[in-house]
file entry.pdb (PDB, C-alpha atoms)
ATOM      1  CA  MET A   1     -47.139 156.012  77.547
ATOM      2  CA  LYS A   2     -47.669 157.717  74.239
ATOM      3  CA  PHE A   3     -50.628 157.336  71.895
ATOM      4  CA  LYS A   4     -51.346 158.378  68.327
ATOM      5  CA  THR A   5     -54.826 159.897  68.216
ATOM      6  CA  ASN A   6     -57.274 161.409  65.764
ATOM      7  CA  LEU A   7     -57.854 164.541  67.854
ATOM      8  CA  THR A   8     -57.600 167.700  65.764
ATOM      9  CA  CYS A   9     -58.594 170.628  67.990
ATOM     10  CA  ASN A  10     -59.238 171.824  71.533
ATOM     11  CA  GLY A  11     -62.906 170.914  71.114
ATOM     12  CA  CYS A  12     -61.870 167.278  70.628
ATOM     13  CA  VAL A  13     -59.635 167.484  73.687
ATOM     14  CA  SER A  14     -62.498 168.844  75.802
ATOM     15  CA  LYS A  15     -64.650 165.842  74.810
ATOM     16  CA  VAL A  16     -61.963 163.336  75.795
ATOM     17  CA  GLN A  17     -60.875 165.088  79.007
ATOM     18  CA  PRO A  18     -63.756 163.938  81.273
ATOM     19  CA  HIS A  19     -63.173 160.329  80.213
ATOM     20  CA  LEU A  20     -59.455 160.537  80.984
ATOM     21  CA  GLU A  21     -60.143 162.175  84.344
ATOM     22  CA  LYS A  22     -62.085 159.072  85.414
ATOM     23  CA  LEU A  23     -58.879 157.025  85.115
ATOM     24  CA  ASN A  24     -56.002 156.819  87.586
ATOM     25  CA  ILE A  25     -53.874 159.213  85.519
ATOM     26  CA  LYS A  26     -51.263 161.398  87.198
ATOM     27  CA  SER A  27     -50.944 163.704  84.187
ATOM     28  CA  TRP A  28     -51.565 163.835  80.464
ATOM     29  CA  ASP A  29     -50.697 166.169  77.629
ATOM     30  CA  ILE A  30     -51.460 166.385  73.914
ATOM     31  CA  ASP A  31     -49.416 167.782  71.057
ATOM     32  CA  LEU A  32     -52.009 168.953  68.536
ATOM     33  CA  GLN A  33     -49.207 170.379  66.386
ATOM     34  CA  SER A  34     -47.782 166.932  65.633
ATOM     35  CA  LYS A  35     -49.103 165.078  62.601
ATOM     36  CA  GLU A  36     -50.217 162.172  64.800
ATOM     37  CA  SER A  37     -51.697 164.301  67.651
ATOM     38  CA  ILE A  38     -49.589 162.495  70.236
ATOM     39  CA  VAL A  39     -51.028 162.133  73.738
ATOM     40  CA  SER A  40     -48.596 161.452  76.591
ATOM     41  CA  VAL A  41     -50.075 159.768  79.663
ATOM     42  CA  GLU A  42     -48.489 159.191  83.079
ATOM     43  CA  GLY A  43     -50.134 157.183  85.811
ATOM     44  CA  ASP A  44     -51.263 153.807  87.049
ATOM     45  CA  VAL A  45     -53.303 152.910  83.988
ATOM     46  CA  ASP A  46     -52.904 150.426  81.157
ATOM     47  CA  GLU A  47     -53.103 151.009  77.412
ATOM     48  CA  GLN A  48     -56.521 149.402  77.069
ATOM     49  CA  GLU A  49     -58.065 151.729  79.644
ATOM     50  CA  VAL A  50     -56.761 154.767  77.765
ATOM     51  CA  LYS A  51     -57.991 153.399  74.428
ATOM     52  CA  LYS A  52     -61.448 152.760  75.919
ATOM     53  CA  ALA A  53     -61.597 156.306  77.329
ATOM     54  CA  PHE A  54     -60.937 157.717  73.862
ATOM     55  CA  GLU A  55     -63.475 155.367  72.278
ATOM     56  CA  ALA A  56     -66.109 156.397  74.829
ATOM     57  CA  ALA A  57     -65.608 159.995  73.646
ATOM     58  CA  GLY A  58     -65.851 158.937  69.984
ATOM     59  CA  TYR A  59     -62.124 159.058  69.150
ATOM     60  CA  LYS A  60     -59.223 156.667  68.590
ATOM     61  CA  ALA A  61     -55.942 156.221  70.449
ATOM     62  CA  GLU A  62     -53.305 153.713  69.401
ATOM     63  CA  PRO A  63     -50.199 153.031  71.487
ATOM     64  CA  LYS A  64     -47.118 154.557  69.902
ATOM     65  CA  LYS A  65     -44.239 152.120  70.091
ATOM     66  CA  GLY A  66     -40.668 152.862  69.215
ATOM     67  CA  PHE A  67     -37.180 153.789  70.274
ATOM     68  CA  LEU A  68     -37.193 156.920  72.451
ATOM     69  CA  GLY A  69     -34.136 158.337  74.160
ATOM     70  CA  GLY A  70     -32.301 155.061  74.506
ATOM     71  CA  ILE A  71     -35.280 153.059  75.761
ATOM     72  CA  PHE A  72     -38.098 151.233  74.079
ATOM     73  CA  SER A  73     -41.562 152.448  74.905
TER      74      SER A  73
END
call {"tool": "encode", "arguments": {"input": "entry.pdb", "output": "C-alpha coordinates"}}
result
Amino acid sequence: MKFKTNLTCNGCVSKVQPHLEKLNIKSWDIDLQSKESIVSVEGDVDEQEVKKAFEAAGYKAEPKKGFLGGIFS
(Lines of atoms letter the chains of each structure in order from A and count residues from 1; the text may use other names and numbers.)
(Lines give C-alpha, C1' and ligand atoms only; values in the text may rest on other atoms or scores of the structure.)
Protein backbone atom coordinates (compact mmCIF):
# COMPACT_ATOMS: atom_id res chain seq x y z
CA MET A 1 0.00 0.00 0.00
CA LYS A 2 1.07 3.55 -0.63
CA PHE A 3 0.00 6.65 1.27
CA LYS A 4 0.36 10.38 0.69
CA THR A 5 1.48 11.98 3.95
CA ASN A 6 2.30 15.37 5.41
CA LEU A 7 5.66 14.25 6.81
CA THR A 8 8.44 16.69 5.93
CA CYS A 9 11.58 15.55 7.76
CA ASN A 10 13.28 12.75 9.68
CA GLY A 11 11.95 14.23 12.92
CA CYS A 12 8.40 13.62 11.65
CA VAL A 13 9.34 10.08 10.67
CA SER A 14 10.74 9.39 14.15
CA LYS A 15 7.41 10.47 15.69
CA VAL A 16 5.39 8.15 13.45
CA GLN A 17 7.75 5.16 13.65
CA PRO A 18 6.71 3.86 17.11
CA HIS A 19 3.05 3.94 16.06
CA LEU A 20 3.76 1.98 12.88
CA GLU A 21 5.86 -0.55 14.79
CA LYS A 22 2.80 -1.46 16.87
CA LEU A 23 1.07 -2.68 13.70
CA ASN A 24 1.57 -5.99 11.90
CA ILE A 25 3.79 -4.37 9.26
CA LYS A 26 6.47 -6.40 7.50
CA SER A 27 8.27 -3.30 6.21
CA TRP A 28 7.71 0.36 5.45
CA ASP A 29 9.62 3.11 3.70
CA ILE A 30 9.13 6.82 3.09
CA ASP A 31 10.23 9.01 0.21
CA LEU A 32 10.70 12.44 1.76
CA GLN A 33 12.02 13.72 -1.58
CA SER A 34 8.66 13.26 -3.30
CA LYS A 35 6.20 16.14 -3.22
CA GLU A 36 3.61 13.95 -1.49
CA SER A 37 6.02 12.26 0.99
CA ILE A 38 4.89 8.81 -0.11
CA VAL A 39 4.98 6.02 2.47
CA SER A 40 5.03 2.43 1.21
CA VAL A 41 3.74 -0.20 3.63
CA GLU A 42 3.90 -4.00 3.36
CA GLY A 43 2.22 -6.32 5.80
CA ASP A 44 -1.00 -7.72 7.18
CA VAL A 45 -2.59 -4.37 7.95
CA ASP A 46 -5.46 -2.39 6.48
CA GLU A 47 -5.53 1.23 5.34
CA GLN A 48 -7.51 2.42 8.34
CA GLU A 49 -4.96 1.04 10.79
CA VAL A 50 -2.16 2.90 9.01
CA LYS A 51 -4.18 6.12 8.91
CA LYS A 52 -4.91 5.83 12.64
CA ALA A 53 -1.21 5.27 13.41
CA PHE A 54 -0.34 8.49 11.60
CA GLU A 55 -3.17 10.38 13.32
CA ALA A 56 -2.00 9.15 16.73
CA ALA A 57 1.39 10.75 15.96
CA GLY A 58 -0.29 13.99 14.83
CA TYR A 59 0.07 13.49 11.06
CA LYS A 60 -2.07 12.54 8.07
CA ALA A 61 -1.87 9.61 5.67
CA GLU A 62 -4.24 9.18 2.74
CA PRO A 63 -4.24 6.05 0.57
CA LYS A 64 -2.70 6.73 -2.82
CA LYS A 65 -4.77 5.09 -5.52
CA GLY A 66 -3.82 4.80 -9.14
CA PHE A 67 -2.38 2.80 -11.98
CA LEU A 68 1.05 1.41 -11.07
CA GLY A 69 3.03 -0.95 -13.26
CA GLY A 70 0.06 -2.53 -14.96
CA ILE A 71 -1.99 -3.04 -11.80
CA PHE A 72 -4.35 -0.87 -9.85
CA SER A 73 -3.37 -0.19 -6.28
call {"tool": "resolve_selection", "arguments": {"input": "entry.pdb", "expression": "the PyMOL selection byres ((chain A and resi 26-36) around 9)", "output": "PyMOL selection string"}}
result
chain A and resi 3-10+13+20+24-25+37-44
call {"tool": "atom_distance", "arguments": {"input": "entry.pdb", "atom1": "atom CA of Tyr59 of chain A", "atom2": "atom CA of Asp46 of chain A"}}
result
17.4 Å
call {"tool": "resolve_selection", "arguments": {"input": "entry.pdb", "expression": "the PyMOL selection byres ((chain A and resi 49) around 12)", "output": "list in words"}}
result
Met1, His19, Leu20, Glu21, Lys22, Leu23, Asn24, Ile25, Val41, Gly43, Asp44, Val45, Asp46, Glu47, Gln48, Val50, Lys51, Lys52, Ala53, Phe54, Glu55, Ala56, Ala61, Glu62 and Pro63 of chain A
call {"tool": "axis_aligned_box", "arguments": {"input": "entry.pdb", "around": "segment 45-50 of chain A", "padding_each_side": "5 Å", "output": "lines of an AutoDock Vina configuration file"}}
result
center_x = -55.5
center_y = 152.1
center_z = 80.5
size_x = 15.2
size_y = 15.4
size_z = 16.9
call {"tool": "build_atoms", "arguments": {"input": "entry.pdb", "residues": "segment 33-60 of chain A", "atoms": "N, CA and C atoms", "output": "mmCIF file, in the coordinates of the input"}}
result
data_model
loop_
_atom_site.group_PDB
_atom_site.id
_atom_site.type_symbol
_atom_site.label_atom_id
_atom_site.label_comp_id
_atom_site.auth_asym_id
_atom_site.auth_seq_id
_atom_site.Cartn_x
_atom_site.Cartn_y
_atom_site.Cartn_z
ATOM 1 N N GLN A 33 -50.019 169.912 67.506
ATOM 2 C CA GLN A 33 -49.207 170.379 66.386
ATOM 3 C C GLN A 33 -48.543 169.227 65.634
ATOM 4 N N SER A 34 -48.395 168.082 66.295
ATOM 5 C CA SER A 34 -47.782 166.932 65.633
ATOM 6 C C SER A 34 -48.777 166.311 64.653
ATOM 7 N N LYS A 35 -48.260 165.693 63.629
ATOM 8 C CA LYS A 35 -49.103 165.078 62.601
ATOM 9 C C LYS A 35 -49.989 163.968 63.184
ATOM 10 N N GLU A 36 -49.497 163.302 64.211
ATOM 11 C CA GLU A 36 -50.217 162.172 64.800
ATOM 12 C C GLU A 36 -50.980 162.549 66.067
ATOM 13 N N SER A 37 -51.020 163.832 66.425
ATOM 14 C CA SER A 37 -51.697 164.301 67.651
ATOM 15 C C SER A 37 -51.364 163.391 68.833
ATOM 16 N N ILE A 38 -50.098 163.406 69.211
ATOM 17 C CA ILE A 38 -49.589 162.495 70.236
ATOM 18 C C ILE A 38 -50.065 162.913 71.631
ATOM 19 N N VAL A 39 -50.622 161.943 72.357
ATOM 20 C CA VAL A 39 -51.028 162.133 73.738
ATOM 21 C C VAL A 39 -50.045 161.372 74.622
ATOM 22 N N SER A 40 -49.482 162.066 75.604
ATOM 23 C CA SER A 40 -48.596 161.452 76.591
ATOM 24 C C SER A 40 -49.378 161.286 77.881
ATOM 25 N N VAL A 41 -49.315 160.090 78.455
ATOM 26 C CA VAL A 41 -50.075 159.768 79.663
ATOM 27 C C VAL A 41 -49.130 159.209 80.715
ATOM 28 N N GLU A 42 -49.243 159.722 81.941
ATOM 29 C CA GLU A 42 -48.489 159.191 83.079
ATOM 30 C C GLU A 42 -49.480 158.782 84.156
ATOM 31 N N GLY A 43 -49.273 157.614 84.720
ATOM 32 C CA GLY A 43 -50.134 157.183 85.811
ATOM 33 C C GLY A 43 -50.264 155.678 85.877
ATOM 34 N N ASP A 44 -51.044 155.233 86.827
ATOM 35 C CA ASP A 44 -51.263 153.807 87.049
ATOM 36 C C ASP A 44 -52.470 153.367 86.221
ATOM 37 N N VAL A 45 -52.242 153.236 84.928
ATOM 38 C CA VAL A 45 -53.303 152.910 83.988
ATOM 39 C C VAL A 45 -52.687 152.093 82.853
ATOM 40 N N ASP A 46 -53.465 151.193 82.267
ATOM 41 C CA ASP A 46 -52.904 150.426 81.157
ATOM 42 C C ASP A 46 -53.421 150.962 79.819
ATOM 43 N N GLU A 47 -52.783 150.516 78.754
ATOM 44 C CA GLU A 47 -53.103 151.009 77.412
ATOM 45 C C GLU A 47 -54.568 150.820 77.049
ATOM 46 N N GLN A 48 -55.125 149.685 77.422
ATOM 47 C CA GLN A 48 -56.521 149.402 77.069
ATOM 48 C C GLN A 48 -57.489 150.371 77.727
ATOM 49 N N GLU A 49 -57.203 150.761 78.961
ATOM 50 C CA GLU A 49 -58.065 151.729 79.644
ATOM 51 C C GLU A 49 -58.055 153.075 78.919
ATOM 52 N N VAL A 50 -56.874 153.496 78.477
ATOM 53 C CA VAL A 50 -56.761 154.767 77.765
ATOM 54 C C VAL A 50 -57.500 154.679 76.433
ATOM 55 N N LYS A 51 -57.295 153.587 75.707
ATOM 56 C CA LYS A 51 -57.991 153.399 74.428
ATOM 57 C C LYS A 51 -59.504 153.448 74.615
ATOM 58 N N LYS A 52 -60.004 152.783 75.657
ATOM 59 C CA LYS A 52 -61.448 152.760 75.919
ATOM 60 C C LYS A 52 -61.974 154.147 76.277
ATOM 61 N N ALA A 53 -61.180 154.940 76.990
ATOM 62 C CA ALA A 53 -61.597 156.306 77.329
ATOM 63 C C ALA A 53 -61.765 157.135 76.063
ATOM 64 N N PHE A 54 -60.830 156.996 75.131
ATOM 65 C CA PHE A 54 -60.937 157.717 73.862
ATOM 66 C C PHE A 54 -62.140 157.233 73.068
ATOM 67 N N GLU A 55 -62.341 155.922 73.015
ATOM 68 C CA GLU A 55 -63.475 155.367 72.278
ATOM 69 C C GLU A 55 -64.802 155.833 72.859
ATOM 70 N N ALA A 56 -64.876 155.937 74.180
ATOM 71 C CA ALA A 56 -66.109 156.397 74.829
ATOM 72 C C ALA A 56 -66.445 157.829 74.421
ATOM 73 N N ALA A 57 -65.410 158.605 74.077
ATOM 74 C CA ALA A 57 -65.608 159.995 73.646
ATOM 75 C C ALA A 57 -65.786 160.088 72.128
ATOM 76 N N GLY A 58 -65.670 158.952 71.432
ATOM 77 C CA GLY A 58 -65.851 158.937 69.984
ATOM 78 C C GLY A 58 -64.569 159.128 69.192
ATOM 79 N N TYR A 59 -63.418 158.865 69.804
ATOM 80 C CA TYR A 59 -62.124 159.058 69.150
ATOM 81 C C TYR A 59 -61.291 157.789 69.237
ATOM 82 N N LYS A 60 -60.134 157.815 68.589
ATOM 83 C CA LYS A 60 -59.223 156.667 68.590
ATOM 84 C C LYS A 60 -57.904 157.051 69.236
#
